[in-house]
Amino acid sequence: MVPEERMMSPTPPSGSASTPEKRVDDSPLTETVSASRERPMPGATPAGAKWSPEPGNDIFGSCGHKLGEVVEVQPDYLVVEVGFFDPTDLYIPTSVIAGHQGDRVTLSVSKDDALHHGWDHDPLDPETPEPDRR
């Protein structure tokens, strides 16, 4: 019968203790992966590429809750359709975009803050008060 400690930790075959284990493709397990071989996350913008929001992108608050969908992109703001049965538009400044991944855009403010920030007025309409542009 084999002693218990030997069953738990088998000893390597003689002569292989100093050589690193090999993968199926004969590369050592200690090999490091270079940055050029790393794959980007699916949907992420490649490094150095300029990203801009597009109609159809989903907008999420910093809390993780979906706010709405981009219906129009202007230089300083996004027109975001909010609501399902009675949709309304929000004019969200591009300065509050915290990041994106694929078609998902995340804001630096929560959904609740975005809904109550006064961004429900068209900034190009001269008769509406100026929204808070934090």
# chains A, B, ... in the order shown; residues from 1 in each chain; ligands from 1
>>> residues_around(residues="range 92-109 of chain A", least_positions_apart="2", cutoff="7 Å", atoms="only C-alpha atoms", output="JSON, numbers by chain")
{"A": [43, 44, 57, 58, 59, 60, 61, 62, 76, 77, 78, 79, 90, 111, 113, 114, 119, 133]}
>>> closest_residue(among="A:Cys63, A:Tyr91, A:Gly83, A:Val73", to="Asp122 in chain A", atoms="only C-alpha atoms")
A:Tyr91
>>> atom_distance(atom1="CA of Ser52 in chain A", atom2="CA of Glu127 in chain A")
29.2 Å
>>> atom_distance(atom1="CA of Val80 in chain A", atom2="CA of Trp51 in chain A")
17.9 Å
>>> atom_distance(atom1="CA of Gln74 in chain A", atom2="CA of Asp112 in chain A")
22.8 Å
>>> decode(residues="range 57-76 of chain A", atoms="C-alpha atoms", output="mmCIF file, in the first residue's frame")
data_model
loop_
_atom_site.group_PDB
_atom_site.id
_atom_site.type_symbol
_atom_site.label_atom_id
_atom_site.label_comp_id
_atom_site.auth_asym_id
_atom_site.auth_seq_id
_atom_site.Cartn_x
_atom_site.Cartn_y
_atom_site.Cartn_z
ATOM 1 C CA ASN A 57 -26.452 53.254 -27.498
ATOM 2 C CA ASP A 58 -27.930 52.388 -24.097
ATOM 3 C CA ILE A 59 -27.314 54.929 -21.317
ATOM 4 C CA PHE A 60 -26.731 53.762 -17.741
ATOM 5 C CA GLY A 61 -26.338 55.790 -14.573
ATOM 6 C CA SER A 62 -23.360 55.347 -12.282
ATOM 7 C CA CYS A 63 -25.666 53.209 -10.143
ATOM 8 C CA GLY A 64 -25.893 50.619 -12.946
ATOM 9 C CA HIS A 65 -29.557 51.253 -13.782
ATOM 10 C CA LYS A 66 -30.555 51.869 -17.389
ATOM 11 C CA LEU A 67 -31.689 55.415 -18.051
ATOM 12 C CA GLY A 68 -32.623 55.251 -21.728
ATOM 13 C CA GLU A 69 -31.340 55.139 -25.285
ATOM 14 C CA VAL A 70 -29.468 57.717 -27.363
ATOM 15 C CA VAL A 71 -31.680 59.038 -30.174
ATOM 16 C CA GLU A 72 -29.487 61.944 -31.299
ATOM 17 C CA VAL A 73 -25.896 63.074 -30.806
ATOM 18 C CA GLN A 74 -24.960 66.757 -30.668
ATOM 19 C CA PRO A 75 -21.462 68.185 -30.092
ATOM 20 C CA ASP A 76 -22.134 69.079 -26.420
#
